[in-house]
There are 2 protein chains.
Amino acid sequence: MALEHALLVALREQPASGLELSRRFGKSIGHFWSATHQQIYKVLARMEADGWVVAETVVQQGRPDKKVYDVTPAGREALVAWLATPTPESPLRSELAVKMRGASFGGSAGRAAVLESVRQHAADHELRLDHYRHLTKRDYPDGPAGLSPLELDQYLVLRGGILLEEGQLAWLTEYLEAHS
Amino acid sequence: MALEHALLVALREQPASGLELSRRFGKSIGHFWSATHQQIYKVLARMEADGWVVAETVVQQGRPDKKVYDVTPAGREALVAWLATPTPESPLRSELAVKMRGASFGGSAGRAAVLESVRQHAADHELRLDHYRHLTKRDYPDGPAGLSPLELDQYLVLRGGILLEEGQLAWLTEYLEAHS
DNA sequence: CGGAGGCTTGCAACTCGTTGCATAGGTATG
DNA sequence: CATACCTATGCAACGAGTTGCAAGCCTCCG
């Protein structure tokens, strides 16, 4: 279980309400750790009960109140303790890879459907890659030189996203060429 | 839910018992879709109830009986229908990426621990990459030329594994260099 | 013979995460 | 004003997956 810790990291970068976290998870961190708002609310409630975070109700104009969470010293300790924990392999699951291996059993219709899925995913990855490259240009125009530790780490995670997308794209391209 | 379909693909390549499937999932397909034997047993039972597979008890010498499952026509239909289904993005989760972003909040001990995790993972990826390359040399010494459709697809999935590991390794190497 | 350990199947309890819905106030549109 | 939609939080039910354990049967070894 690590959503707790992902939330701790996000909240230490910037305190936020549940929905704001949910939106943030749809962007930067979310590319490596997704979660729905229901799950986030559930986990935030547990973290508050455990004393890892405290909530402060913030009144807004023209909008419902929101509960902004911040990390407590106990939460900070939990985060440090987790960092020292060995990191298990994140299980990898590629439905597309399974379909590739199943395409031989699907006749011509199955084969065509899998090809179409691969094309679709290739387009998605290309789009996301463009997005990451745009973020790089916007936020780190000079590369990693002269960044603070926090910024450097954010940059490096973004680099991971780029390398990942490039790898996926290369794979799917190779698949399409082999089946053309 | 796609473990069902991964099992259908595996069983169409070769009928097998629950434990044999579990072992096979630790190898080829398992690199893209892992599952424990308990989960496999549960899903196989459901698939049998749904009429997707039939079990035949095979008596073994010096070993307990095993139930070998084979795919029924209904199972074949389910597989083809699934192939025609749009393929959702497989959610990506990298605990390591979260730790990278959290390292700035862990002091020097946290930073060192994250570096150690990254080194460990880099070593793991290197090992797996070697394994994949060995498999390639052994099973596809001439590359994709002259392979049957089934073999070609298996080759391409293996290629995906290689490209993925190369990408991960490049990422972690970049991280280590940036923090050296 | 007795014990250790492997193979095979499976149950039970639990956690994690998703899906669908509910509530309650606010804004915008016709 | 009625309708529809947005923000924000949350509940309930379900499904997927993990962990721990158990049972039965076999072989191997001392």
# chains A, B, ... in the order shown; residues from 1 in each chain; ligands from 1
$ residues_around --residues "B:Thr72" --least-positions-apart "3" --cutoff "8 Å" --atoms "only C-alpha atoms (C1' of nucleotides)" --output "MDAnalysis selection string"
chainID B and resid 51:54 75:76
$ interface_residues --of "chain B" --to "chain C" --cutoff "12 Å" --atoms "only C-alpha atoms (C1' of nucleotides)" --output "PyMOL selection string"
chain B and resi 1+17-20+22+37-42+44-45+57-68+91
$ select_by_dssp --residues "chain B" --states "strand (DSSP E)" --output "MDAnalysis selection string"
chainID B and resid 53:60 63:71
$ write_last_selection --atoms "C-alpha atoms" --output "compact mmCIF listing (two decimals), in the first residue's frame"
# COMPACT_ATOMS: atom_id res chain seq x y z
CA VAL B 53 -12.89 -23.97 -19.98
CA VAL B 54 -13.26 -27.64 -19.12
CA ALA B 55 -11.12 -29.50 -16.62
CA GLU B 56 -9.85 -33.00 -17.03
CA THR B 57 -8.32 -34.74 -14.05
CA VAL B 58 -4.99 -36.23 -14.98
CA VAL B 59 -3.53 -38.93 -12.77
CA GLN B 60 0.22 -38.57 -12.28
CA ARG B 63 2.41 -36.79 -7.64
CA PRO B 64 -1.08 -35.64 -6.76
CA ASP B 65 -3.66 -35.61 -9.51
CA LYS B 66 -3.86 -32.40 -11.46
CA LYS B 67 -6.73 -30.73 -13.26
CA VAL B 68 -5.73 -29.81 -16.77
CA TYR B 69 -7.85 -27.07 -18.27
CA ASP B 70 -8.64 -26.61 -21.93
CA VAL B 71 -10.55 -23.86 -23.69
$ interface_residues --of "chain D" --to "chain B" --cutoff "8 Å" --atoms "only C-alpha atoms (C1' of nucleotides)" --output "list in words"
DA16, DG17, DC25, DC26 and DT27 of chain D
$ residues_around --residues "A:Arg101" --least-positions-apart "3" --cutoff "10 Å" --atoms "only C-alpha atoms (C1' of nucleotides)" --output "ChimeraX atom specification"
/A:96-98,104-105,114 /B:6,9-10,13,29,149-157
$ write_last_selection --atoms "C-alpha atoms" --output "PDB file, in the first residue's frame"
ATOM      1  CA  LEU A  96      -1.949  -4.861 -24.953  1.00  0.00           C
ATOM      2  CA  ALA A  97       0.852  -7.413 -24.660  1.00  0.00           C
ATOM      3  CA  VAL A  98      -1.669 -10.098 -23.742  1.00  0.00           C
ATOM      4  CA  SER A 104      -3.071 -15.472 -33.446  1.00  0.00           C
ATOM      5  CA  PHE A 105      -6.195 -17.116 -32.037  1.00  0.00           C
ATOM      6  CA  VAL A 114      -5.507  -5.886 -32.138  1.00  0.00           C
TER       7      VAL A 114
ATOM      8  CA  ALA B   6      -4.684 -13.818 -20.120  1.00  0.00           C
ATOM      9  CA  VAL B   9      -4.454 -16.949 -24.216  1.00  0.00           C
ATOM     10  CA  ALA B  10      -2.100 -19.090 -22.170  1.00  0.00           C
ATOM     11  CA  GLU B  13      -1.059 -21.847 -26.472  1.00  0.00           C
ATOM     12  CA  ILE B  29       3.506 -13.949 -20.094  1.00  0.00           C
ATOM     13  CA  PRO B 149       2.428 -15.723 -36.904  1.00  0.00           C
ATOM     14  CA  LEU B 150       2.307 -17.147 -33.381  1.00  0.00           C
ATOM     15  CA  GLU B 151       6.081 -17.078 -33.031  1.00  0.00           C
ATOM     16  CA  LEU B 152       6.275 -13.592 -34.481  1.00  0.00           C
ATOM     17  CA  ASP B 153       3.844 -12.318 -31.867  1.00  0.00           C
ATOM     18  CA  GLN B 154       5.766 -13.998 -29.080  1.00  0.00           C
ATOM     19  CA  TYR B 155       8.946 -12.453 -30.448  1.00  0.00           C
ATOM     20  CA  LEU B 156       7.389  -9.013 -30.548  1.00  0.00           C
ATOM     21  CA  VAL B 157       6.172  -9.235 -26.968  1.00  0.00           C
TER      22      VAL B 157
END
$ closest_residue --among "A:Leu11, A:Met100, A:Asp50, A:Lys27" --to "chain B" --atoms "only C-alpha atoms"
A:Met100
$ atom_distance --atom1 "atom CA of B:Ser148" --atom2 "atom CA of A:Asp124"
29.2 Å
$ atom_distance --atom1 "atom C1' of D:DG10" --atom2 "atom CA of B:Ser90"
27.3 Å
$ atom_distance --atom1 "atom CA of A:Leu8" --atom2 "atom CA of A:Gly143"
27.2 Å
$ select_by_dssp --residues "stretch 18-180 of chain A" --states "alpha helix (DSSP H)" --output "count of residues only"
103
$ closest_residue --among "A:Pro88, A:His31, A:Glu116, A:Trp171" --to "A:Arg128" --atoms "only C-alpha atoms"
A:His31
$ closest_residue --among "A:Arg46, A:Arg138, A:His131, A:His179" --to "chain B" --atoms "only C-alpha atoms"
A:His179
$ decode --residues "stretch 6-48 of chain A" --atoms "N, CA and C atoms" --output "compact mmCIF listing (two decimals), in the first residue's frame"
# COMPACT_ATOMS: atom_id res chain seq x y z
N ALA A 6 2.23 8.36 -1.42
CA ALA A 6 2.16 9.27 -2.56
C ALA A 6 1.44 10.55 -2.16
N LEU A 7 0.41 10.41 -1.32
CA LEU A 7 -0.32 11.59 -0.86
C LEU A 7 0.56 12.42 0.07
N LEU A 8 1.33 11.77 0.91
CA LEU A 8 2.25 12.50 1.78
C LEU A 8 3.22 13.33 0.94
N VAL A 9 3.77 12.72 -0.09
CA VAL A 9 4.71 13.44 -0.95
C VAL A 9 4.02 14.64 -1.60
N ALA A 10 2.83 14.40 -2.12
CA ALA A 10 2.11 15.48 -2.80
C ALA A 10 1.79 16.61 -1.82
N LEU A 11 1.36 16.24 -0.60
CA LEU A 11 0.99 17.26 0.38
C LEU A 11 2.20 18.01 0.92
N ARG A 12 3.36 17.37 0.91
CA ARG A 12 4.54 18.09 1.36
C ARG A 12 5.01 19.06 0.28
N GLU A 13 4.75 18.73 -0.96
CA GLU A 13 5.06 19.71 -2.00
C GLU A 13 4.11 20.90 -1.89
N GLN A 14 2.86 20.61 -1.52
CA GLN A 14 1.86 21.68 -1.43
C GLN A 14 0.59 21.16 -0.76
N PRO A 15 0.20 21.72 0.41
CA PRO A 15 -1.05 21.30 1.05
C PRO A 15 -2.23 21.48 0.09
N ALA A 16 -3.23 20.62 0.22
CA ALA A 16 -4.34 20.64 -0.74
C ALA A 16 -5.54 19.91 -0.19
N SER A 17 -6.68 20.12 -0.82
CA SER A 17 -7.89 19.39 -0.47
C SER A 17 -7.94 18.08 -1.27
N GLY A 18 -8.91 17.24 -0.93
CA GLY A 18 -9.02 15.96 -1.62
C GLY A 18 -9.18 16.10 -3.11
N LEU A 19 -10.07 16.99 -3.51
CA LEU A 19 -10.33 17.12 -4.94
C LEU A 19 -9.13 17.73 -5.67
N GLU A 20 -8.45 18.67 -5.01
CA GLU A 20 -7.26 19.24 -5.62
C GLU A 20 -6.18 18.17 -5.82
N LEU A 21 -6.05 17.30 -4.81
CA LEU A 21 -5.10 16.20 -4.95
C LEU A 21 -5.49 15.31 -6.12
N SER A 22 -6.80 15.04 -6.19
CA SER A 22 -7.28 14.20 -7.27
C SER A 22 -6.93 14.79 -8.63
N ARG A 23 -7.07 16.10 -8.74
CA ARG A 23 -6.72 16.75 -10.01
C ARG A 23 -5.21 16.73 -10.24
N ARG A 24 -4.46 16.93 -9.16
CA ARG A 24 -3.02 16.92 -9.32
C ARG A 24 -2.56 15.52 -9.73
N PHE A 25 -3.24 14.51 -9.21
CA PHE A 25 -2.88 13.14 -9.57
C PHE A 25 -3.22 12.85 -11.03
N GLY A 26 -4.09 13.65 -11.59
CA GLY A 26 -4.36 13.49 -13.01
C GLY A 26 -3.26 14.07 -13.87
N LYS A 27 -2.33 14.76 -13.22
CA LYS A 27 -1.24 15.40 -13.96
C LYS A 27 0.12 14.83 -13.57
N SER A 28 0.92 15.60 -12.91
CA SER A 28 2.33 15.23 -12.72
C SER A 28 2.52 13.86 -12.07
N ILE A 29 2.25 13.79 -10.76
CA ILE A 29 2.50 12.54 -10.07
C ILE A 29 1.63 11.43 -10.66
N GLY A 30 0.42 11.82 -11.09
CA GLY A 30 -0.55 10.84 -11.54
C GLY A 30 -0.07 10.00 -12.71
N HIS A 31 0.93 10.51 -13.44
CA HIS A 31 1.45 9.70 -14.53
C HIS A 31 2.15 8.46 -14.00
N PHE A 32 2.50 8.50 -12.74
CA PHE A 32 3.16 7.33 -12.14
C PHE A 32 2.35 6.74 -11.00
N TRP A 33 1.29 7.37 -10.65
CA TRP A 33 0.46 6.81 -9.57
C TRP A 33 -0.93 7.42 -9.64
N SER A 34 -1.85 6.71 -10.23
CA SER A 34 -3.19 7.25 -10.42
C SER A 34 -4.10 6.84 -9.26
N ALA A 35 -5.13 7.64 -9.03
CA ALA A 35 -6.11 7.32 -8.00
C ALA A 35 -7.36 8.14 -8.25
N THR A 36 -8.50 7.57 -7.98
CA THR A 36 -9.77 8.29 -8.12
C THR A 36 -10.01 9.13 -6.87
N HIS A 37 -10.93 10.06 -6.98
CA HIS A 37 -11.15 10.93 -5.83
C HIS A 37 -11.76 10.17 -4.65
N GLN A 38 -12.55 9.15 -4.93
CA GLN A 38 -13.12 8.37 -3.83
C GLN A 38 -12.03 7.69 -3.01
N GLN A 39 -11.09 7.10 -3.73
CA GLN A 39 -9.99 6.43 -3.05
C GLN A 39 -9.17 7.43 -2.23
N ILE A 40 -8.96 8.60 -2.82
CA ILE A 40 -8.19 9.63 -2.12
C ILE A 40 -8.91 10.08 -0.85
N TYR A 41 -10.23 10.29 -0.93
CA TYR A 41 -10.98 10.68 0.26
C TYR A 41 -10.87 9.61 1.34
N LYS A 42 -11.01 8.36 0.92
CA LYS A 42 -10.95 7.28 1.89
C LYS A 42 -9.61 7.27 2.60
N VAL A 43 -8.55 7.35 1.81
CA VAL A 43 -7.21 7.26 2.38
C VAL A 43 -6.90 8.49 3.22
N LEU A 44 -7.34 9.66 2.77
CA LEU A 44 -7.11 10.87 3.56
C LEU A 44 -7.79 10.75 4.93
N ALA A 45 -9.01 10.19 4.95
CA ALA A 45 -9.72 10.02 6.22
C ALA A 45 -8.93 9.11 7.15
N ARG A 46 -8.39 8.03 6.59
CA ARG A 46 -7.60 7.12 7.41
C ARG A 46 -6.33 7.79 7.91
N MET A 47 -5.70 8.56 7.02
CA MET A 47 -4.46 9.23 7.41
C MET A 47 -4.73 10.26 8.51
N GLU A 48 -5.89 10.91 8.43
CA GLU A 48 -6.22 11.87 9.48
C GLU A 48 -6.44 11.14 10.81
